[in-house]
Amino acid sequence: MADEIAVAEPTILDTFIELLPEIGKAAGETGLMMVICLTAAIIVGGALGILVFLTSQGQVLGRYRRFNLVANGFINVFRSFPFIILLVAVSPFTRHIVGTSIGPLAASVPLSLAAIFYFARLIEQTLRDVPRGVIEAAEAMGASPLQVVSQVLLVEARSGLILAVTITAVSFLSYSAVAGVVGGGGIGDLAIRYGYYRFQTDVMLITIVLLVILVQSIQFFGQWLARRVDKR
Amino acid sequence: MIRPVQTAHNTQNSAFPRMTTQTSDAPAIALRGVSKSFRTPDGQQVGVQPTHLDVAPGEIHGIIGFSGAGKSTLLRIANLLERPDAGQVIVHGQDLMTLSPAALRTARQRIGMIFQHFNLLHNRTVADNVAFPLRIAGADEARIAERVKTCLEFVGLSEKAGVYPAQLSGGQKQRVAIARALAPEPHVLLADEPTSALDPRTTQSLLEVLADVNRRLGVTILLVSHEMGVIRRLCHRVSVMEAGQIVERLTIANGRIPPDSQLAQWLRDFGDAEGDEAGTDDTEAAPQHLLSEAAHG
Ligand SMILES: Nc1ncnc2c1ncn2[C@@H]1O[C@H](COP(=O)(O)OP(=O)(O)OP(=O)(O)O)[C@@H](O)[C@H]1O
Ligand SMILES: [Mg+2]
């Protein structure tokens, strides 16, 4: 029986084992892109989202209306670019700071840009769920705007914030596959090179299964954590 | 000016050194000619017209009036949650309007506030909620632990220290809110409809807590309510508001509203059976009428 299998067409498992080094490399590249763009999103996008929220009407820093208008405009403009266009449009900038416009590091630049504004909007929306009265109570107790952020907003909205990170991670896993098309590397690139250009359907399948597993785990873990920290 | 009711029985708790209430006649809260209007899509909306209000140290002062009369706005002016367009806001001798943002924050630490909807932090335990104003003020952990313990004992919720607010009843949440307001040892407590979300029996027990806060800790209380029962049972004096102005100031002795007052007239007009029971009834029918009346202008 074992012999029969050995002489038959290579199974999907054989392909998988054969491609393992390639897959490992691709997964590493995807991981790199994700780490860079999520870090940028959380730090820069998070700060931007918080500022936009704080400066919106009736909030703690509502008097900085002009900042709010400008930042909102920026977010909208960047969010309305189709990702593939953004990818191409920023490539001179990418080449300037990374030195090349191909490879996972280069792909991380447009990915980060898109993720920053995507995440900023998500955060701003999430913070709206914190009741105004709770923020006001903190102000009445003498909390500074910084304390309102760190002691009230981030604490009260924490499960929403975790979900926002989860959604961003899932979205940008798929965006990073798009970045693969223009030589970004990663799992998406693998799917294109073997599965699409070489008609190796089994490679295509393997990458899809991999992505599905990844998305499922991110989603599952995110939701589990969000539920765990929610005491409301 | 009418002196507040003096501490009748000295149920002094050593953990709560009685605050050194000023012996002078200087008011604990003085709003001098404060006014506030709001810009809305359909024009300028008057919140409070130029108004004076003096609250003596140790007094429980009520504000009552129709919906939209400007009660909440006036109360929120007292800690500058609402910054008035004009006038002075003096709390314990300090003109809040002249303070820098940092100095205002420090002043606010001694001005407690409680709300109709409690406004607790839901992702923090009861103990952490009570600790919140102290953490903000940068108090050390030993003091925080001591104050949390004392204040939770005061409101009778020591055994709920580790629980999250979602697991508490409305009355318990408001007790936590009171403990939180008391933690930094405030001079004054501002309360906006603190019992309006609660049933009559819970209201009664909360009023006892508030009376205790005033009697045992010497905290001056400025309280907004549209429930006549609350005003009668708790307040020493009451200001009646209408259309952004205080139209009447009354002294409530033994829960009685002076019968020749505008307020007593309103109560007769809008169905309250009159306050002869001296605050034991819970007929809140009158305020309901007051509310619907105001809605029609
Ligand atoms: N932030 C605001 N923006 C616009 N108008 C406001 C604002 N706050 C209050 N007002 C207006 O000011 C007036 C007084 O409102 P306020 O909330 O002080 O009334 P209130 O006496 O507390 O009423 P209620 O018993 O319903 O709580 C109302 O006409 C209200 O519409
Ligand atoms: Mg009100």
# chains A, B, ... in the order shown; residues from 1 in each chain; ligands from 1
>>> residues_around(residues="range 101-103 of chain A", least_positions_apart="3", cutoff="12 Å", atoms="only C-alpha atoms", output="VMD selection string")
chain A and resid 26 29 to 30 32 to 33 87 to 98 106 to 110 176 179 to 186 189
>>> write_last_selection(atoms="C-alpha atoms", output="PDB file, in the first residue's frame")
ATOM      1  CA  ALA A  26       7.068  33.365   2.687  1.00  0.00           C
ATOM      2  CA  GLU A  29       8.097  37.710   5.064  1.00  0.00           C
ATOM      3  CA  THR A  30       4.373  37.998   5.734  1.00  0.00           C
ATOM      4  CA  LEU A  32       7.640  40.861   8.958  1.00  0.00           C
ATOM      5  CA  MET A  33       5.180  42.956   6.941  1.00  0.00           C
ATOM      6  CA  LEU A  87       1.213  50.982  -3.427  1.00  0.00           C
ATOM      7  CA  VAL A  88       2.336  52.405  -6.755  1.00  0.00           C
ATOM      8  CA  ALA A  89       1.859  56.038  -5.830  1.00  0.00           C
ATOM      9  CA  VAL A  90       4.169  55.922  -2.831  1.00  0.00           C
ATOM     10  CA  SER A  91       6.868  53.845  -4.496  1.00  0.00           C
ATOM     11  CA  PRO A  92       9.197  56.842  -5.047  1.00  0.00           C
ATOM     12  CA  PHE A  93       8.877  57.591  -1.353  1.00  0.00           C
ATOM     13  CA  THR A  94       9.449  53.915  -0.555  1.00  0.00           C
ATOM     14  CA  ARG A  95      12.585  53.812  -2.656  1.00  0.00           C
ATOM     15  CA  HIS A  96      13.776  56.937  -0.894  1.00  0.00           C
ATOM     16  CA  ILE A  97      13.514  55.511   2.618  1.00  0.00           C
ATOM     17  CA  VAL A  98      14.105  51.767   2.081  1.00  0.00           C
ATOM     18  CA  ALA A 106       9.519  47.984   0.790  1.00  0.00           C
ATOM     19  CA  ALA A 107       5.979  46.615   0.802  1.00  0.00           C
ATOM     20  CA  SER A 108       5.756  47.531   4.485  1.00  0.00           C
ATOM     21  CA  VAL A 109       5.833  51.231   3.638  1.00  0.00           C
ATOM     22  CA  PRO A 110       2.517  51.464   1.750  1.00  0.00           C
ATOM     23  CA  SER A 176       0.004  42.080   2.371  1.00  0.00           C
ATOM     24  CA  ALA A 179       1.595  43.681  -1.909  1.00  0.00           C
ATOM     25  CA  GLY A 180       3.033  40.327  -2.938  1.00  0.00           C
ATOM     26  CA  VAL A 181       1.899  40.937  -6.490  1.00  0.00           C
ATOM     27  CA  VAL A 182       4.357  43.748  -6.937  1.00  0.00           C
ATOM     28  CA  GLY A 183       7.228  41.769  -5.492  1.00  0.00           C
ATOM     29  CA  GLY A 184       6.527  42.246  -1.842  1.00  0.00           C
ATOM     30  CA  GLY A 185       7.133  38.614  -1.037  1.00  0.00           C
ATOM     31  CA  GLY A 186       5.123  36.722   1.538  1.00  0.00           C
ATOM     32  CA  ASP A 189       3.482  36.235  -3.509  1.00  0.00           C
TER      33      ASP A 189
END
>>> select_by_dssp(residues="range 120-150 of chain B", states="alpha helix (DSSP H)", output="PyMOL selection string")
chain B and resi 126-136+141-150
>>> write_last_selection(atoms="N, CA and C atoms", output="short mmCIF file (atom, residue, chain, number, x, y, z; two decimals), in the first residue's frame")
data_model
loop_
_atom_site.label_atom_id
_atom_site.label_comp_id
_atom_site.auth_asym_id
_atom_site.auth_seq_id
_atom_site.Cartn_x
_atom_site.Cartn_y
_atom_site.Cartn_z
N VAL B 126 -14.87 48.03 42.11
CA VAL B 126 -15.39 49.03 43.03
C VAL B 126 -14.25 49.75 43.74
N ALA B 127 -13.30 48.97 44.26
CA ALA B 127 -12.17 49.58 44.99
C ALA B 127 -11.37 50.50 44.06
N ASP B 128 -11.15 50.06 42.82
CA ASP B 128 -10.37 50.89 41.89
C ASP B 128 -11.14 52.14 41.47
N ASN B 129 -12.46 52.03 41.43
CA ASN B 129 -13.26 53.21 41.15
C ASN B 129 -13.10 54.24 42.26
N VAL B 130 -13.15 53.77 43.49
CA VAL B 130 -13.03 54.69 44.62
C VAL B 130 -11.61 55.27 44.67
N ALA B 131 -10.64 54.44 44.27
CA ALA B 131 -9.25 54.89 44.29
C ALA B 131 -8.96 55.90 43.17
N PHE B 132 -9.82 55.88 42.14
CA PHE B 132 -9.55 56.65 40.92
C PHE B 132 -9.17 58.12 41.16
N PRO B 133 -9.98 58.89 41.89
CA PRO B 133 -9.61 60.31 42.06
C PRO B 133 -8.29 60.49 42.80
N LEU B 134 -7.96 59.53 43.68
CA LEU B 134 -6.70 59.63 44.43
C LEU B 134 -5.52 59.32 43.53
N ARG B 135 -5.69 58.32 42.66
CA ARG B 135 -4.61 57.98 41.72
C ARG B 135 -4.34 59.18 40.82
N ILE B 136 -5.42 59.79 40.35
CA ILE B 136 -5.27 60.96 39.49
C ILE B 136 -4.49 62.05 40.20
N GLU B 141 0.12 54.82 47.62
CA GLU B 141 -0.75 53.65 47.70
C GLU B 141 -1.26 53.38 49.11
N ALA B 142 -0.46 53.68 50.12
CA ALA B 142 -0.90 53.43 51.49
C ALA B 142 -2.12 54.28 51.81
N ARG B 143 -2.03 55.54 51.43
CA ARG B 143 -3.15 56.44 51.69
C ARG B 143 -4.37 56.01 50.87
N ILE B 144 -4.14 55.62 49.61
CA ILE B 144 -5.24 55.18 48.76
C ILE B 144 -5.96 54.01 49.41
N ALA B 145 -5.19 53.02 49.86
CA ALA B 145 -5.79 51.84 50.46
C ALA B 145 -6.62 52.23 51.68
N GLU B 146 -6.09 53.13 52.47
CA GLU B 146 -6.79 53.54 53.69
C GLU B 146 -8.09 54.28 53.35
N ARG B 147 -8.01 55.20 52.40
CA ARG B 147 -9.20 55.97 52.02
C ARG B 147 -10.27 55.08 51.39
N VAL B 148 -9.84 54.16 50.53
CA VAL B 148 -10.80 53.26 49.89
C VAL B 148 -11.56 52.48 50.94
N LYS B 149 -10.81 51.98 51.93
CA LYS B 149 -11.42 51.19 52.99
C LYS B 149 -12.43 52.04 53.77
N THR B 150 -11.97 53.22 54.18
CA THR B 150 -12.82 54.10 54.98
C THR B 150 -14.10 54.48 54.23
#
>>> atom_distance(atom1="CA of Gly43 in chain B", atom2="CA of Ile246 in chain B")
23.3 Å
>>> closest_atom_pairs(of="chain A", to="ligand 1", cutoff="12 Å", atoms="only C-alpha atoms and all ligand atoms", output="CSV")
residue,atom,partner,partner_atom_place_in_ligand_line,distance
A:Gln57,CA,ligand 1,1 (N),10.6
A:Gly58,CA,ligand 1,1 (N),7.9
A:Gln59,CA,ligand 1,1 (N),11.1
A:Arg132,CA,ligand 1,1 (N),11.7
>>> closest_atom_pairs(of="chain A", to="chain B", cutoff="6 Å", atoms="only C-alpha atoms", output="tab-separated table")
residue	atom	partner	partner_atom	distance
A:Gly133	CA	B:Asn119	CA	5.7
A:Val134	CA	B:Asn119	CA	4.6
A:Met141	CA	B:Gln109	CA	5.2
A:Gly142	CA	B:Arg105	CA	4.1
A:Glu156	CA	B:Asn123	CA	5.7
A:Lys231	CA	B:Asn123	CA	5.1
A:Arg232	CA	B:His122	CA	5.1
>>> residues_near_ligand(ligand="ligand 2", cutoff="7 Å", atoms="only C-alpha atoms and all ligand atoms", output="count of residues only")
4
>>> atom_distance(atom1="CA of Asp212 in chain B", atom2="CA of Phe154 in chain B")
9.0 Å
>>> select_by_dssp(residues="range 28-236 of chain B", states="strand (DSSP E or B)", output="ChimeraX atom specification")
/B:29-40,43-55,60-65,86-91,94-95,111-114,188-192,220-224
>>> residues_around(residues="range 62-74 of chain A", least_positions_apart="4", cutoff="10 Å", atoms="only C-alpha atoms", output="PyMOL selection string")
chain A and resi 48-49+51-58+78-79+117+120-121
>>> write_last_selection(atoms="all heavy atoms", output="compact mmCIF listing (two decimals), in the first residue's frame")
# COMPACT_ATOMS: atom_id res chain seq x y z
N LEU A 48 -3.19 59.04 16.43
CA LEU A 48 -3.99 59.91 15.56
C LEU A 48 -5.48 59.74 15.87
O LEU A 48 -6.22 60.72 16.00
CB LEU A 48 -3.69 59.58 14.10
CG LEU A 48 -4.40 60.43 13.05
CD1 LEU A 48 -4.00 61.89 13.18
CD2 LEU A 48 -4.07 59.92 11.64
N GLY A 49 -5.90 58.49 16.00
CA GLY A 49 -7.31 58.21 16.28
C GLY A 49 -7.75 58.84 17.60
O GLY A 49 -8.82 59.44 17.70
N LEU A 51 -6.36 61.42 19.10
CA LEU A 51 -6.40 62.88 18.96
C LEU A 51 -7.65 63.34 18.22
O LEU A 51 -8.28 64.33 18.60
CB LEU A 51 -5.14 63.37 18.23
CG LEU A 51 -3.88 63.43 19.10
CD1 LEU A 51 -2.67 63.83 18.27
CD2 LEU A 51 -4.08 64.41 20.25
N VAL A 52 -8.00 62.61 17.17
CA VAL A 52 -9.19 62.99 16.42
C VAL A 52 -10.43 62.87 17.32
O VAL A 52 -11.31 63.74 17.32
CB VAL A 52 -9.35 62.13 15.14
CG1 VAL A 52 -10.71 62.35 14.50
CG2 VAL A 52 -8.26 62.46 14.15
N PHE A 53 -10.45 61.81 18.13
CA PHE A 53 -11.58 61.66 19.04
C PHE A 53 -11.63 62.80 20.06
O PHE A 53 -12.67 63.43 20.27
CB PHE A 53 -11.50 60.32 19.77
CG PHE A 53 -12.54 60.18 20.85
CD1 PHE A 53 -13.85 59.88 20.54
CD2 PHE A 53 -12.20 60.39 22.18
CE1 PHE A 53 -14.82 59.79 21.53
CE2 PHE A 53 -13.16 60.30 23.17
CZ PHE A 53 -14.47 60.00 22.85
N LEU A 54 -10.48 63.08 20.69
CA LEU A 54 -10.45 64.10 21.74
C LEU A 54 -10.82 65.48 21.22
O LEU A 54 -11.37 66.30 21.94
CB LEU A 54 -9.05 64.17 22.37
CG LEU A 54 -8.64 63.01 23.26
CD1 LEU A 54 -7.22 63.23 23.78
CD2 LEU A 54 -9.59 62.85 24.43
N THR A 55 -10.50 65.74 19.94
CA THR A 55 -10.76 67.07 19.40
C THR A 55 -12.12 67.16 18.71
O THR A 55 -12.45 68.18 18.15
CB THR A 55 -9.66 67.50 18.39
OG1 THR A 55 -9.55 66.49 17.38
CG2 THR A 55 -8.32 67.67 19.07
N SER A 56 -12.89 66.07 18.75
CA SER A 56 -14.21 66.15 18.13
C SER A 56 -15.14 66.95 19.03
O SER A 56 -14.87 67.15 20.21
CB SER A 56 -14.77 64.75 17.85
OG SER A 56 -14.91 64.04 19.05
N GLN A 57 -16.22 67.38 18.47
CA GLN A 57 -17.10 68.33 19.15
C GLN A 57 -17.62 67.80 20.48
O GLN A 57 -18.06 66.65 20.57
CB GLN A 57 -18.27 68.67 18.25
CG GLN A 57 -18.85 70.02 18.62
CD GLN A 57 -19.99 70.42 17.71
OE1 GLN A 57 -20.40 69.68 16.83
NE2 GLN A 57 -20.51 71.60 17.95
N GLY A 58 -17.52 68.63 21.51
CA GLY A 58 -18.05 68.25 22.81
C GLY A 58 -17.11 67.38 23.62
O GLY A 58 -17.42 66.99 24.73
N PHE A 78 -6.59 59.39 2.62
CA PHE A 78 -5.79 58.17 2.54
C PHE A 78 -6.65 56.92 2.48
O PHE A 78 -6.30 55.95 1.83
CB PHE A 78 -4.80 58.10 3.71
CG PHE A 78 -3.50 58.74 3.38
CD1 PHE A 78 -3.30 60.09 3.63
CD2 PHE A 78 -2.47 58.00 2.79
CE1 PHE A 78 -2.10 60.70 3.31
CE2 PHE A 78 -1.27 58.61 2.47
CZ PHE A 78 -1.08 59.97 2.73
N ARG A 79 -7.77 56.97 3.19
CA ARG A 79 -8.63 55.80 3.20
C ARG A 79 -9.34 55.60 1.88
O ARG A 79 -9.81 54.50 1.58
CB ARG A 79 -9.67 55.91 4.33
CG ARG A 79 -9.03 55.97 5.69
CD ARG A 79 -9.37 54.82 6.57
NE ARG A 79 -10.80 54.64 6.77
CZ ARG A 79 -11.45 53.53 6.48
NH1 ARG A 79 -10.83 52.51 5.95
NH2 ARG A 79 -12.74 53.45 6.70
N PHE A 117 -3.99 54.92 8.77
CA PHE A 117 -5.23 55.69 8.64
C PHE A 117 -6.47 54.82 8.86
O PHE A 117 -7.49 55.27 9.37
CB PHE A 117 -5.26 56.41 7.29
CG PHE A 117 -4.20 57.47 7.21
CD1 PHE A 117 -3.00 57.25 6.54
CD2 PHE A 117 -4.35 58.68 7.89
CE1 PHE A 117 -2.01 58.21 6.51
CE2 PHE A 117 -3.36 59.64 7.86
CZ PHE A 117 -2.19 59.41 7.17
N ALA A 120 -6.59 54.41 12.61
CA ALA A 120 -6.97 55.67 13.26
C ALA A 120 -8.49 55.83 13.25
O ALA A 120 -9.11 56.18 14.26
CB ALA A 120 -6.32 56.85 12.56
N ARG A 121 -9.10 55.56 12.11
CA ARG A 121 -10.55 55.70 12.00
C ARG A 121 -11.26 54.70 12.91
O ARG A 121 -12.21 55.05 13.62
CB ARG A 121 -10.98 55.52 10.54
CG ARG A 121 -12.46 55.65 10.33
CD ARG A 121 -12.99 57.03 10.72
NE ARG A 121 -12.80 58.02 9.70
CZ ARG A 121 -12.53 59.31 9.95
NH1 ARG A 121 -12.42 59.73 11.19
NH2 ARG A 121 -12.37 60.16 8.97
>>> residues_around(residues="Trp224 in chain A", least_positions_apart="5", cutoff="10 Å", atoms="only C-alpha atoms", output="list in words")
Ser159, Ile162, Leu163, Ile218, Gln219 and Val229 of chain A
>>> write_last_selection(atoms="all heavy atoms", output="PDB file, in the first residue's frame")
ATOM      1  N   SER A 159     -11.815  46.449  25.258  1.00  0.00           N
ATOM      2  CA  SER A 159     -12.194  45.289  24.451  1.00  0.00           C
ATOM      3  C   SER A 159     -12.452  45.704  23.005  1.00  0.00           C
ATOM      4  O   SER A 159     -12.099  44.990  22.067  1.00  0.00           O
ATOM      5  CB  SER A 159     -13.390  44.564  25.066  1.00  0.00           C
ATOM      6  OG  SER A 159     -14.578  45.219  24.762  1.00  0.00           O
ATOM      7  N   ILE A 162      -9.080  46.021  21.311  1.00  0.00           N
ATOM      8  CA  ILE A 162      -8.522  44.727  20.928  1.00  0.00           C
ATOM      9  C   ILE A 162      -9.177  44.236  19.641  1.00  0.00           C
ATOM     10  O   ILE A 162      -8.508  43.740  18.725  1.00  0.00           O
ATOM     11  CB  ILE A 162      -8.704  43.706  22.068  1.00  0.00           C
ATOM     12  CG1 ILE A 162      -7.768  44.067  23.225  1.00  0.00           C
ATOM     13  CG2 ILE A 162      -8.429  42.279  21.583  1.00  0.00           C
ATOM     14  CD1 ILE A 162      -8.029  43.293  24.494  1.00  0.00           C
ATOM     15  N   LEU A 163     -10.487  44.409  19.550  1.00  0.00           N
ATOM     16  CA  LEU A 163     -11.171  44.008  18.319  1.00  0.00           C
ATOM     17  C   LEU A 163     -10.702  44.839  17.127  1.00  0.00           C
ATOM     18  O   LEU A 163     -10.580  44.321  16.016  1.00  0.00           O
ATOM     19  CB  LEU A 163     -12.690  44.129  18.488  1.00  0.00           C
ATOM     20  CG  LEU A 163     -13.312  43.092  19.416  1.00  0.00           C
ATOM     21  CD1 LEU A 163     -14.808  43.322  19.558  1.00  0.00           C
ATOM     22  CD2 LEU A 163     -13.045  41.679  18.895  1.00  0.00           C
ATOM     23  N   ILE A 218      -6.281  34.470  14.280  1.00  0.00           N
ATOM     24  CA  ILE A 218      -6.234  35.871  14.723  1.00  0.00           C
ATOM     25  C   ILE A 218      -7.605  36.281  15.248  1.00  0.00           C
ATOM     26  O   ILE A 218      -7.750  36.843  16.337  1.00  0.00           O
ATOM     27  CB  ILE A 218      -5.829  36.805  13.553  1.00  0.00           C
ATOM     28  CG1 ILE A 218      -4.388  36.522  13.113  1.00  0.00           C
ATOM     29  CG2 ILE A 218      -5.984  38.263  13.964  1.00  0.00           C
ATOM     30  CD1 ILE A 218      -3.998  37.255  11.844  1.00  0.00           C
ATOM     31  N   GLN A 219      -8.628  35.964  14.472  1.00  0.00           N
ATOM     32  CA  GLN A 219      -9.989  36.341  14.824  1.00  0.00           C
ATOM     33  C   GLN A 219     -10.405  35.705  16.155  1.00  0.00           C
ATOM     34  O   GLN A 219     -10.944  36.353  17.035  1.00  0.00           O
ATOM     35  CB  GLN A 219     -10.938  35.886  13.704  1.00  0.00           C
ATOM     36  CG  GLN A 219     -12.330  36.476  13.800  1.00  0.00           C
ATOM     37  CD  GLN A 219     -12.333  37.974  13.544  1.00  0.00           C
ATOM     38  OE1 GLN A 219     -11.548  38.470  12.725  1.00  0.00           O
ATOM     39  NE2 GLN A 219     -13.165  38.695  14.248  1.00  0.00           N
ATOM     40  N   VAL A 229     -11.441  40.634  28.722  1.00  0.00           N
ATOM     41  CA  VAL A 229     -11.125  41.875  29.444  1.00  0.00           C
ATOM     42  C   VAL A 229     -12.353  42.766  29.610  1.00  0.00           C
ATOM     43  O   VAL A 229     -12.289  43.816  30.230  1.00  0.00           O
ATOM     44  CB  VAL A 229     -10.020  42.700  28.735  1.00  0.00           C
ATOM     45  CG1 VAL A 229      -8.753  41.880  28.629  1.00  0.00           C
ATOM     46  CG2 VAL A 229     -10.480  43.180  27.372  1.00  0.00           C
TER      47      VAL A 229
END
>>> closest_residue(among="B:His226, B:Arg175, B:Arg237, B:Arg268", to="Leu210 in chain B", atoms="only C-alpha atoms")
B:Arg175
>>> residues_around(residues="range 25-30 of chain B", least_positions_apart="6", cutoff="12 Å", atoms="only C-alpha atoms", output="MDAnalysis selection string")
chainID B and resid 1:4 51:61 74:75 77:79 87:96 110:111 186:190 218:222
>>> write_last_selection(atoms="C-alpha atoms", output="PDB file, in the first residue's frame")
ATOM      1  CA  MET B   1     -28.551  84.499  55.388  1.00  0.00           C
ATOM      2  CA  ILE B   2     -29.913  81.429  57.081  1.00  0.00           C
ATOM      3  CA  ARG B   3     -27.436  79.373  59.005  1.00  0.00           C
ATOM      4  CA  PRO B   4     -27.308  75.717  58.107  1.00  0.00           C
ATOM      5  CA  THR B  51     -27.750  84.384  38.565  1.00  0.00           C
ATOM      6  CA  HIS B  52     -26.499  84.587  42.112  1.00  0.00           C
ATOM      7  CA  LEU B  53     -26.290  81.630  44.422  1.00  0.00           C
ATOM      8  CA  ASP B  54     -24.668  81.387  47.837  1.00  0.00           C
ATOM      9  CA  VAL B  55     -24.359  78.078  49.608  1.00  0.00           C
ATOM     10  CA  ALA B  56     -23.216  78.322  53.223  1.00  0.00           C
ATOM     11  CA  PRO B  57     -20.620  75.885  54.571  1.00  0.00           C
ATOM     12  CA  GLY B  58     -22.312  72.787  55.950  1.00  0.00           C
ATOM     13  CA  GLU B  59     -25.562  73.440  54.140  1.00  0.00           C
ATOM     14  CA  ILE B  60     -27.513  71.090  51.882  1.00  0.00           C
ATOM     15  CA  HIS B  61     -28.884  73.276  49.163  1.00  0.00           C
ATOM     16  CA  LEU B  74     -26.100  75.943  37.049  1.00  0.00           C
ATOM     17  CA  LEU B  75     -24.753  72.961  38.976  1.00  0.00           C
ATOM     18  CA  ILE B  77     -21.007  75.841  36.490  1.00  0.00           C
ATOM     19  CA  ALA B  78     -20.000  75.265  40.117  1.00  0.00           C
ATOM     20  CA  ASN B  79     -17.032  73.096  39.066  1.00  0.00           C
ATOM     21  CA  GLY B  87     -19.586  85.988  36.355  1.00  0.00           C
ATOM     22  CA  GLN B  88     -17.535  84.533  39.164  1.00  0.00           C
ATOM     23  CA  VAL B  89     -17.465  81.005  40.513  1.00  0.00           C
ATOM     24  CA  ILE B  90     -16.043  80.954  44.015  1.00  0.00           C
ATOM     25  CA  VAL B  91     -15.647  77.647  45.799  1.00  0.00           C
ATOM     26  CA  HIS B  92     -14.115  77.758  49.246  1.00  0.00           C
ATOM     27  CA  GLY B  93     -12.769  81.206  48.671  1.00  0.00           C
ATOM     28  CA  GLN B  94     -11.116  80.370  45.361  1.00  0.00           C
ATOM     29  CA  ASP B  95     -12.282  82.022  42.169  1.00  0.00           C
ATOM     30  CA  LEU B  96     -12.202  79.074  39.770  1.00  0.00           C
ATOM     31  CA  ARG B 110     -11.761  68.826  46.440  1.00  0.00           C
ATOM     32  CA  ILE B 111     -15.113  69.246  44.701  1.00  0.00           C
ATOM     33  CA  PRO B 186     -13.974  67.098  49.325  1.00  0.00           C
ATOM     34  CA  HIS B 187     -15.279  70.329  50.820  1.00  0.00           C
ATOM     35  CA  VAL B 188     -18.360  70.277  48.683  1.00  0.00           C
ATOM     36  CA  LEU B 189     -20.382  67.683  46.847  1.00  0.00           C
ATOM     37  CA  LEU B 190     -22.337  68.444  43.697  1.00  0.00           C
ATOM     38  CA  GLY B 218     -19.414  68.404  57.248  1.00  0.00           C
ATOM     39  CA  VAL B 219     -19.531  68.324  53.469  1.00  0.00           C
ATOM     40  CA  THR B 220     -21.573  71.073  51.850  1.00  0.00           C
ATOM     41  CA  ILE B 221     -23.982  69.628  49.298  1.00  0.00           C
ATOM     42  CA  LEU B 222     -25.490  71.329  46.276  1.00  0.00           C
TER      43      LEU B 222
END
>>> atom_distance(atom1="CA of Thr166 in chain A", atom2="CA of Arg128 in chain A")
18.3 Å
>>> residues_around(residues="Ser150 in chain A", least_positions_apart="5", cutoff="12 Å", atoms="only C-alpha atoms", output="list in words")
Ala47, Ile50, Ile135, Ala138, Ala143, Ser144, Pro145, Val155, Glu156, Ala157 and Arg158 of chain A; Arg135 and Ile136 of chain B
>>> write_last_selection(atoms="C-alpha atoms", output="compact mmCIF listing (two decimals), in the first residue's frame")
# COMPACT_ATOMS: atom_id res chain seq x y z
CA ALA A 47 -2.34 58.27 18.56
CA ILE A 50 -7.21 59.29 19.93
CA ILE A 135 -15.26 61.04 30.74
CA ALA A 138 -13.09 62.01 35.38
CA ALA A 143 -8.19 64.41 35.48
CA SER A 144 -5.95 65.95 32.81
CA PRO A 145 -6.57 65.13 29.15
CA VAL A 155 -9.45 51.22 30.01
CA GLU A 156 -13.13 51.55 29.24
CA ALA A 157 -12.76 50.87 25.52
CA ARG A 158 -10.14 48.15 25.84
CA ARG B 135 -4.61 57.98 41.72
CA ILE B 136 -5.27 60.96 39.49
>>> closest_residue(among="A:Leu13, A:Ile192, A:Val149, A:Ile123", to="Thr168 in chain A", atoms="only C-alpha atoms")
A:Ile123
>>> decode(residues="range 160-169 of chain A", atoms="N, CA and C atoms", output="compact mmCIF listing (two decimals), in the first residue's frame")
# COMPACT_ATOMS: atom_id res chain seq x y z
N GLY A 160 -13.02 46.89 22.81
CA GLY A 160 -13.20 47.41 21.46
C GLY A 160 -11.87 47.66 20.77
N LEU A 161 -10.89 48.09 21.55
CA LEU A 161 -9.57 48.36 20.97
C LEU A 161 -8.91 47.06 20.52
N ILE A 162 -9.08 46.02 21.31
CA ILE A 162 -8.52 44.73 20.93
C ILE A 162 -9.18 44.24 19.64
N LEU A 163 -10.49 44.41 19.55
CA LEU A 163 -11.17 44.01 18.32
C LEU A 163 -10.70 44.84 17.13
N ALA A 164 -10.42 46.10 17.37
CA ALA A 164 -9.93 46.95 16.29
C ALA A 164 -8.58 46.44 15.78
N VAL A 165 -7.71 46.03 16.70
CA VAL A 165 -6.42 45.47 16.29
C VAL A 165 -6.65 44.17 15.50
N THR A 166 -7.58 43.37 15.97
CA THR A 166 -7.89 42.11 15.30
C THR A 166 -8.34 42.34 13.86
N ILE A 167 -9.29 43.25 13.70
CA ILE A 167 -9.82 43.53 12.36
C ILE A 167 -8.71 44.07 11.46
N THR A 168 -7.89 44.96 12.02
CA THR A 168 -6.79 45.51 11.23
C THR A 168 -5.82 44.40 10.81
N ALA A 169 -5.51 43.50 11.74
CA ALA A 169 -4.58 42.42 11.42
C ALA A 169 -5.13 41.56 10.28
